[in-house]
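Have a look at start-v3.pdb; it's PDB, N, CA, C and O atoms:
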```
ATOM      1  N   MET A   1      49.242 202.277 -92.862
ATOM      2  CA  MET A   1      48.546 202.250 -91.591
ATOM      3  C   MET A   1      49.172 201.164 -90.718
ATOM      4  O   MET A   1      49.355 200.036 -91.145
ATOM      5  N   ASN A   2      49.517 201.517 -89.468
ATOM      6  CA  ASN A   2      50.062 200.552 -88.513
ATOM      7  C   ASN A   2      48.938 199.851 -87.771
ATOM      8  O   ASN A   2      48.053 200.500 -87.231
ATOM      9  N   LEU A   3      49.009 198.536 -87.750
ATOM     10  CA  LEU A   3      48.015 197.766 -87.018
ATOM     11  C   LEU A   3      48.576 197.407 -85.649
ATOM     12  O   LEU A   3      49.748 197.078 -85.512
ATOM     13  N   GLN A   4      47.736 197.509 -84.640
ATOM     14  CA  GLN A   4      48.128 197.141 -83.291
ATOM     15  C   GLN A   4      47.410 195.861 -82.889
ATOM     16  O   GLN A   4      46.285 195.607 -83.314
ATOM     17  N   GLU A   5      48.060 195.108 -82.063
ATOM     18  CA  GLU A   5      47.448 193.880 -81.558
ATOM     19  C   GLU A   5      46.717 194.176 -80.259
ATOM     20  O   GLU A   5      47.219 194.888 -79.395
ATOM     21  N   TYR A   6      45.517 193.638 -80.138
ATOM     22  CA  TYR A   6      44.704 193.780 -78.928
ATOM     23  C   TYR A   6      44.355 192.386 -78.435
ATOM     24  O   TYR A   6      43.943 191.529 -79.207
ATOM     25  N   ASN A   7      44.520 192.148 -77.153
ATOM     26  CA  ASN A   7      44.183 190.857 -76.551
ATOM     27  C   ASN A   7      42.949 191.020 -75.679
ATOM     28  O   ASN A   7      42.892 191.921 -74.856
ATOM     29  N   PHE A   8      41.995 190.154 -75.878
ATOM     30  CA  PHE A   8      40.747 190.201 -75.124
ATOM     31  C   PHE A   8      40.633 188.941 -74.269
ATOM     32  O   PHE A   8      40.910 187.841 -74.743
ATOM     33  N   CYS A   9      40.213 189.102 -73.029
ATOM     34  CA  CYS A   9      39.937 187.976 -72.137
ATOM     35  C   CYS A   9      38.435 187.913 -71.903
ATOM     36  O   CYS A   9      37.826 188.920 -71.553
ATOM     37  N   PHE A  10      37.873 186.760 -72.103
ATOM     38  CA  PHE A  10      36.447 186.560 -71.884
ATOM     39  C   PHE A  10      36.259 185.640 -70.689
ATOM     40  O   PHE A  10      36.930 184.606 -70.573
ATOM     41  N   GLN A  11      35.358 185.998 -69.806
ATOM     42  CA  GLN A  11      34.988 185.101 -68.721
ATOM     43  C   GLN A  11      33.763 184.338 -69.187
ATOM     44  O   GLN A  11      32.742 184.926 -69.526
ATOM     45  N   ILE A  12      33.863 183.022 -69.217
ATOM     46  CA  ILE A  12      32.813 182.169 -69.750
ATOM     47  C   ILE A  12      32.162 181.402 -68.605
ATOM     48  O   ILE A  12      32.856 180.888 -67.729
ATOM     49  N   SER A  13      30.869 181.318 -68.627
ATOM     50  CA  SER A  13      30.144 180.568 -67.610
ATOM     51  C   SER A  13      29.429 179.406 -68.287
ATOM     52  O   SER A  13      28.906 179.548 -69.388
ATOM     53  N   GLY A  14      29.437 178.259 -67.652
ATOM     54  CA  GLY A  14      28.765 177.104 -68.228
ATOM     55  C   GLY A  14      28.528 176.043 -67.173
ATOM     56  O   GLY A  14      28.842 176.223 -65.997
ATOM     57  N   ILE A  15      27.990 174.928 -67.599
ATOM     58  CA  ILE A  15      27.686 173.811 -66.708
ATOM     59  C   ILE A  15      28.338 172.553 -67.271
ATOM     60  O   ILE A  15      28.233 172.259 -68.453
ATOM     61  N   PHE A  16      29.026 171.813 -66.419
ATOM     62  CA  PHE A  16      29.592 170.508 -66.755
ATOM     63  C   PHE A  16      28.823 169.496 -65.914
ATOM     64  O   PHE A  16      28.817 169.577 -64.690
ATOM     65  N   THR A  17      28.156 168.555 -66.561
ATOM     66  CA  THR A  17      27.346 167.567 -65.845
ATOM     67  C   THR A  17      27.963 166.184 -66.004
ATOM     68  O   THR A  17      28.365 165.816 -67.107
ATOM     69  N   THR A  18      28.045 165.447 -64.921
ATOM     70  CA  THR A  18      28.552 164.087 -64.971
ATOM     71  C   THR A  18      27.758 163.207 -64.007
ATOM     72  O   THR A  18      27.277 163.688 -62.979
ATOM     73  N   SER A  19      27.587 161.955 -64.357
ATOM     74  CA  SER A  19      26.923 160.983 -63.481
ATOM     75  C   SER A  19      27.991 160.091 -62.869
ATOM     76  O   SER A  19      28.873 159.591 -63.568
ATOM     77  N   ILE A  20      27.914 159.882 -61.572
ATOM     78  CA  ILE A  20      28.905 159.099 -60.833
ATOM     79  C   ILE A  20      28.190 158.034 -60.012
ATOM     80  O   ILE A  20      27.173 158.316 -59.385
ATOM     81  N   GLN A  21      28.732 156.832 -60.015
ATOM     82  CA  GLN A  21      28.242 155.774 -59.135
ATOM     83  C   GLN A  21      29.285 155.562 -58.057
ATOM     84  O   GLN A  21      30.470 155.374 -58.355
ATOM     85  N   ALA A  22      28.859 155.614 -56.806
ATOM     86  CA  ALA A  22      29.781 155.443 -55.686
ATOM     87  C   ALA A  22      29.014 154.954 -54.471
ATOM     88  O   ALA A  22      27.791 155.046 -54.411
ATOM     89  N   ALA A  23      29.743 154.462 -53.483
ATOM     90  CA  ALA A  23      29.144 153.917 -52.263
ATOM     91  C   ALA A  23      28.613 154.998 -51.333
ATOM     92  O   ALA A  23      27.756 154.724 -50.497
ATOM     93  N   SER A  24      29.120 156.229 -51.460
ATOM     94  CA  SER A  24      28.661 157.308 -50.586
ATOM     95  C   SER A  24      28.722 158.636 -51.334
ATOM     96  O   SER A  24      29.388 158.751 -52.373
ATOM     97  N   LEU A  25      28.027 159.625 -50.788
ATOM     98  CA  LEU A  25      28.029 160.962 -51.389
ATOM     99  C   LEU A  25      29.434 161.549 -51.400
ATOM    100  O   LEU A  25      29.853 162.155 -52.390
ATOM    101  N   GLU A  26      30.181 161.359 -50.330
ATOM    102  CA  GLU A  26      31.558 161.904 -50.264
ATOM    103  C   GLU A  26      32.449 161.297 -51.340
ATOM    104  O   GLU A  26      33.223 162.002 -51.975
ATOM    105  N   LYS A  27      32.338 159.980 -51.549
ATOM    106  CA  LYS A  27      33.137 159.327 -52.585
ATOM    107  C   LYS A  27      32.698 159.786 -53.977
ATOM    108  O   LYS A  27      33.526 159.983 -54.865
ATOM    109  N   ALA A  28      31.393 159.956 -54.168
ATOM    110  CA  ALA A  28      30.881 160.428 -55.451
ATOM    111  C   ALA A  28      31.367 161.853 -55.723
ATOM    112  O   ALA A  28      31.760 162.183 -56.844
ATOM    113  N   LYS A  29      31.351 162.689 -54.698
ATOM    114  CA  LYS A  29      31.805 164.074 -54.832
ATOM    115  C   LYS A  29      33.273 164.110 -55.253
ATOM    116  O   LYS A  29      33.655 164.849 -56.151
ATOM    117  N   LYS A  30      34.096 163.284 -54.608
ATOM    118  CA  LYS A  30      35.520 163.232 -54.930
ATOM    119  C   LYS A  30      35.734 162.813 -56.386
ATOM    120  O   LYS A  30      36.535 163.403 -57.111
ATOM    121  N   LYS A  31      35.001 161.784 -56.823
ATOM    122  CA  LYS A  31      35.106 161.310 -58.208
ATOM    123  C   LYS A  31      34.640 162.375 -59.199
ATOM    124  O   LYS A  31      35.239 162.548 -60.257
ATOM    125  N   ALA A  32      33.552 163.076 -58.870
ATOM    126  CA  ALA A  32      33.021 164.103 -59.765
ATOM    127  C   ALA A  32      34.001 165.263 -59.918
ATOM    128  O   ALA A  32      34.215 165.768 -61.025
ATOM    129  N   ILE A  33      34.607 165.684 -58.818
ATOM    130  CA  ILE A  33      35.599 166.765 -58.875
ATOM    131  C   ILE A  33      36.793 166.337 -59.724
ATOM    132  O   ILE A  33      37.287 167.097 -60.556
ATOM    133  N   GLU A  34      37.232 165.113 -59.540
ATOM    134  CA  GLU A  34      38.355 164.587 -60.324
ATOM    135  C   GLU A  34      38.015 164.557 -61.810
ATOM    136  O   GLU A  34      38.807 164.970 -62.654
ATOM    137  N   LYS A  35      36.812 164.086 -62.130
ATOM    138  CA  LYS A  35      36.380 164.004 -63.524
ATOM    139  C   LYS A  35      36.301 165.396 -64.155
ATOM    140  O   LYS A  35      36.720 165.594 -65.295
ATOM    141  N   CYS A  36      35.790 166.361 -63.417
ATOM    142  CA  CYS A  36      35.685 167.726 -63.936
ATOM    143  C   CYS A  36      37.070 168.320 -64.148
ATOM    144  O   CYS A  36      37.328 168.975 -65.155
ATOM    145  N   SER A  37      37.971 168.094 -63.202
ATOM    146  CA  SER A  37      39.304 168.686 -63.313
ATOM    147  C   SER A  37      40.104 168.066 -64.457
ATOM    148  O   SER A  37      41.034 168.690 -64.968
ATOM    149  N   GLU A  38      39.760 166.853 -64.886
ATOM    150  CA  GLU A  38      40.456 166.195 -65.990
ATOM    151  C   GLU A  38      39.784 166.414 -67.344
ATOM    152  O   GLU A  38      40.316 166.009 -68.370
ATOM    153  N   ALA A  39      38.621 167.063 -67.362
ATOM    154  CA  ALA A  39      37.892 167.283 -68.608
ATOM    155  C   ALA A  39      38.651 168.247 -69.524
ATOM    156  O   ALA A  39      39.354 169.139 -69.063
ATOM    157  N   ASP A  40      38.503 168.046 -70.817
ATOM    158  CA  ASP A  40      39.159 168.906 -71.807
ATOM    159  C   ASP A  40      38.214 170.042 -72.181
ATOM    160  O   ASP A  40      37.210 169.838 -72.840
ATOM    161  N   PHE A  41      38.564 171.258 -71.743
ATOM    162  CA  PHE A  41      37.759 172.428 -72.049
ATOM    163  C   PHE A  41      38.401 173.275 -73.147
ATOM    164  O   PHE A  41      38.194 174.480 -73.227
ATOM    165  N   GLY A  42      39.220 172.647 -73.965
ATOM    166  CA  GLY A  42      39.817 173.342 -75.104
ATOM    167  C   GLY A  42      40.768 174.441 -74.679
ATOM    168  O   GLY A  42      41.669 174.224 -73.881
ATOM    169  N   LEU A  43      40.551 175.639 -75.196
ATOM    170  CA  LEU A  43      41.451 176.762 -74.961
ATOM    171  C   LEU A  43      41.220 177.487 -73.639
ATOM    172  O   LEU A  43      41.944 178.426 -73.325
ATOM    173  N   LEU A  44      40.239 177.071 -72.863
ATOM    174  CA  LEU A  44      39.981 177.750 -71.596
ATOM    175  C   LEU A  44      41.157 177.582 -70.638
ATOM    176  O   LEU A  44      41.776 176.524 -70.565
ATOM    177  N   GLU A  45      41.475 178.629 -69.918
ATOM    178  CA  GLU A  45      42.575 178.620 -68.958
ATOM    179  C   GLU A  45      42.076 179.056 -67.592
ATOM    180  O   GLU A  45      41.044 179.707 -67.486
ATOM    181  N   ASN A  46      42.841 178.736 -66.566
ATOM    182  CA  ASN A  46      42.543 179.175 -65.195
ATOM    183  C   ASN A  46      41.103 178.871 -64.813
ATOM    184  O   ASN A  46      40.362 179.741 -64.369
ATOM    185  N   ILE A  47      40.711 177.648 -64.985
ATOM    186  CA  ILE A  47      39.325 177.245 -64.753
ATOM    187  C   ILE A  47      39.062 177.042 -63.263
ATOM    188  O   ILE A  47      39.768 176.304 -62.591
ATOM    189  N   ASP A  48      38.066 177.739 -62.750
ATOM    190  CA  ASP A  48      37.582 177.531 -61.387
ATOM    191  C   ASP A  48      36.304 176.712 -61.483
ATOM    192  O   ASP A  48      35.495 176.928 -62.372
ATOM    193  N   TYR A  49      36.131 175.783 -60.581
ATOM    194  CA  TYR A  49      34.895 175.007 -60.611
ATOM    195  C   TYR A  49      34.372 174.803 -59.203
ATOM    196  O   TYR A  49      35.123 174.680 -58.253
ATOM    197  N   ASN A  50      33.055 174.843 -59.114
ATOM    198  CA  ASN A  50      32.336 174.604 -57.866
ATOM    199  C   ASN A  50      31.158 173.698 -58.188
ATOM    200  O   ASN A  50      30.566 173.806 -59.249
ATOM    201  N   ILE A  51      30.811 172.849 -57.254
ATOM    202  CA  ILE A  51      29.633 172.006 -57.452
ATOM    203  C   ILE A  51      28.395 172.883 -57.271
ATOM    204  O   ILE A  51      28.203 173.483 -56.219
ATOM    205  N   ALA A  52      27.586 172.958 -58.323
ATOM    206  CA  ALA A  52      26.390 173.796 -58.287
ATOM    207  C   ALA A  52      25.226 173.075 -57.606
ATOM    208  O   ALA A  52      24.460 173.687 -56.867
ATOM    209  N   SER A  53      25.087 171.782 -57.871
ATOM    210  CA  SER A  53      24.015 171.003 -57.247
ATOM    211  C   SER A  53      24.326 169.518 -57.382
ATOM    212  O   SER A  53      25.129 169.115 -58.208
ATOM    213  N   VAL A  54      23.655 168.729 -56.556
ATOM    214  CA  VAL A  54      23.780 167.270 -56.600
ATOM    215  C   VAL A  54      22.367 166.699 -56.558
ATOM    216  O   VAL A  54      21.542 167.131 -55.757
ATOM    217  N   GLU A  55      22.113 165.725 -57.444
ATOM    218  CA  GLU A  55      20.799 165.074 -57.483
ATOM    219  C   GLU A  55      20.990 163.571 -57.383
ATOM    220  O   GLU A  55      22.000 163.036 -57.822
ATOM    221  N   ASP A  56      19.973 162.882 -56.832
ATOM    222  CA  ASP A  56      20.001 161.428 -56.847
ATOM    223  C   ASP A  56      19.481 160.944 -58.203
ATOM    224  O   ASP A  56      19.162 161.752 -59.080
ATOM    225  N   ALA A  57      19.414 159.625 -58.385
ATOM    226  CA  ALA A  57      19.009 159.051 -59.668
ATOM    227  C   ALA A  57      17.589 159.430 -60.081
ATOM    228  O   ALA A  57      17.259 159.421 -61.260
ATOM    229  N   GLN A  58      16.747 159.819 -59.105
ATOM    230  CA  GLN A  58      15.370 160.209 -59.407
ATOM    231  C   GLN A  58      15.236 161.714 -59.656
ATOM    232  O   GLN A  58      14.135 162.214 -59.866
ATOM    233  N   GLY A  59      16.329 162.437 -59.618
ATOM    234  CA  GLY A  59      16.287 163.873 -59.878
ATOM    235  C   GLY A  59      16.018 164.723 -58.642
ATOM    236  O   GLY A  59      15.782 165.915 -58.747
ATOM    237  N   ASN A  60      16.046 164.114 -57.464
ATOM    238  CA  ASN A  60      15.837 164.854 -56.233
ATOM    239  C   ASN A  60      17.142 165.523 -55.782
ATOM    240  O   ASN A  60      18.174 164.838 -55.687
ATOM    241  N   GLU A  61      17.094 166.818 -55.515
ATOM    242  CA  GLU A  61      18.300 167.526 -55.113
ATOM    243  C   GLU A  61      18.737 167.085 -53.725
ATOM    244  O   GLU A  61      17.924 166.925 -52.816
ATOM    245  N   ILE A  62      20.027 166.864 -53.585
ATOM    246  CA  ILE A  62      20.618 166.464 -52.301
ATOM    247  C   ILE A  62      21.373 167.656 -51.741
ATOM    248  O   ILE A  62      22.175 168.268 -52.455
ATOM    249  N   GLN A  63      21.122 167.982 -50.504
ATOM    250  CA  GLN A  63      21.845 169.078 -49.853
ATOM    251  C   GLN A  63      23.191 168.550 -49.397
ATOM    252  O   GLN A  63      23.264 167.551 -48.697
ATOM    253  N   ASP A  64      24.248 169.230 -49.798
ATOM    254  CA  ASP A  64      25.601 168.783 -49.457
ATOM    255  C   ASP A  64      26.104 169.472 -48.228
ATOM    256  O   ASP A  64      25.947 170.590 -47.959
TER     257      ASP A  64
END
```

Can you present the structure in this file as structure tokens?
Amino acid sequence: MNLQEYNFCFQISGIFTTSIQAASLEKAKKKAIEKCSEADFGLLENIDYNIASVEDAQGNEIQD
């Protein structure tokens, strides 16, 4: 029996959370994007990322 190779691509959805201290929301956003882009996601490739939400230290959502 001849075996054939099959390649499967999975689209994975998840959340990456990080806490950032900065002087302003814009500076915090820049740092958070940098931190996410440098994170090790193992074998995942072609990773797209968008900021889903931003909260202050008390858990209040901030509109960006």

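Taking atom CA of Gln21 of chain A and atom CA of Ala57 of chain A as the two end points, the separation is 9.8 Å.
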
Around all the atoms of segment 45-54 of chain A listed in the file, with 6 Å of room on each side, what axis-aligned box do you get, giving centre and edge lengths in Å to one decimal, as JSON?
```
{"center_x": 32.2, "center_y": 173.2, "center_z": -62.8, "size_x": 33.3, "size_y": 25.0, "size_z": 26.2}
```

Could you please write out, as a PyMOL selection string, every residue of chain A that DSSP assigns to alpha helix (DSSP H)?
chain A and resi 25-38

Pick from A:Gln11, A:Gln58, A:Asn2, A:Asn50 nearest to Lys29 of chain A, counting only C-alpha atoms
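Ranking A:Gln11, A:Gln58, A:Asn2, A:Asn50 by distance to Lys29 of chain A, first place goes to A:Asn50.
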
Atomic separation - atom C of Phe10 of chain A relative to atom N of Gly42 of chain A, Å
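Atom C of Phe10 of chain A lies at a distance of 13.7 Å from atom N of Gly42 of chain A.
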
Since I can't run it myself right now, could you work out what the PyMOL selection byres ((chain A and resi 13-17) around 8) selects here and report it as a list of chain:residue names?
A:Phe10, A:Gln11, A:Ile12, A:Thr18, A:Ser19, A:Ile20, A:Ala32, A:Cys36, A:Asp48, A:Asn50, A:Ile51, A:Ala52, A:Ser53

Spatial neighbours of Leu43 of chain A, max dist 12 Å, only C-alpha atoms, sep filter under 3 positions, as number ranges by chain:
A: 9-10, 12, 39-40, 46-47
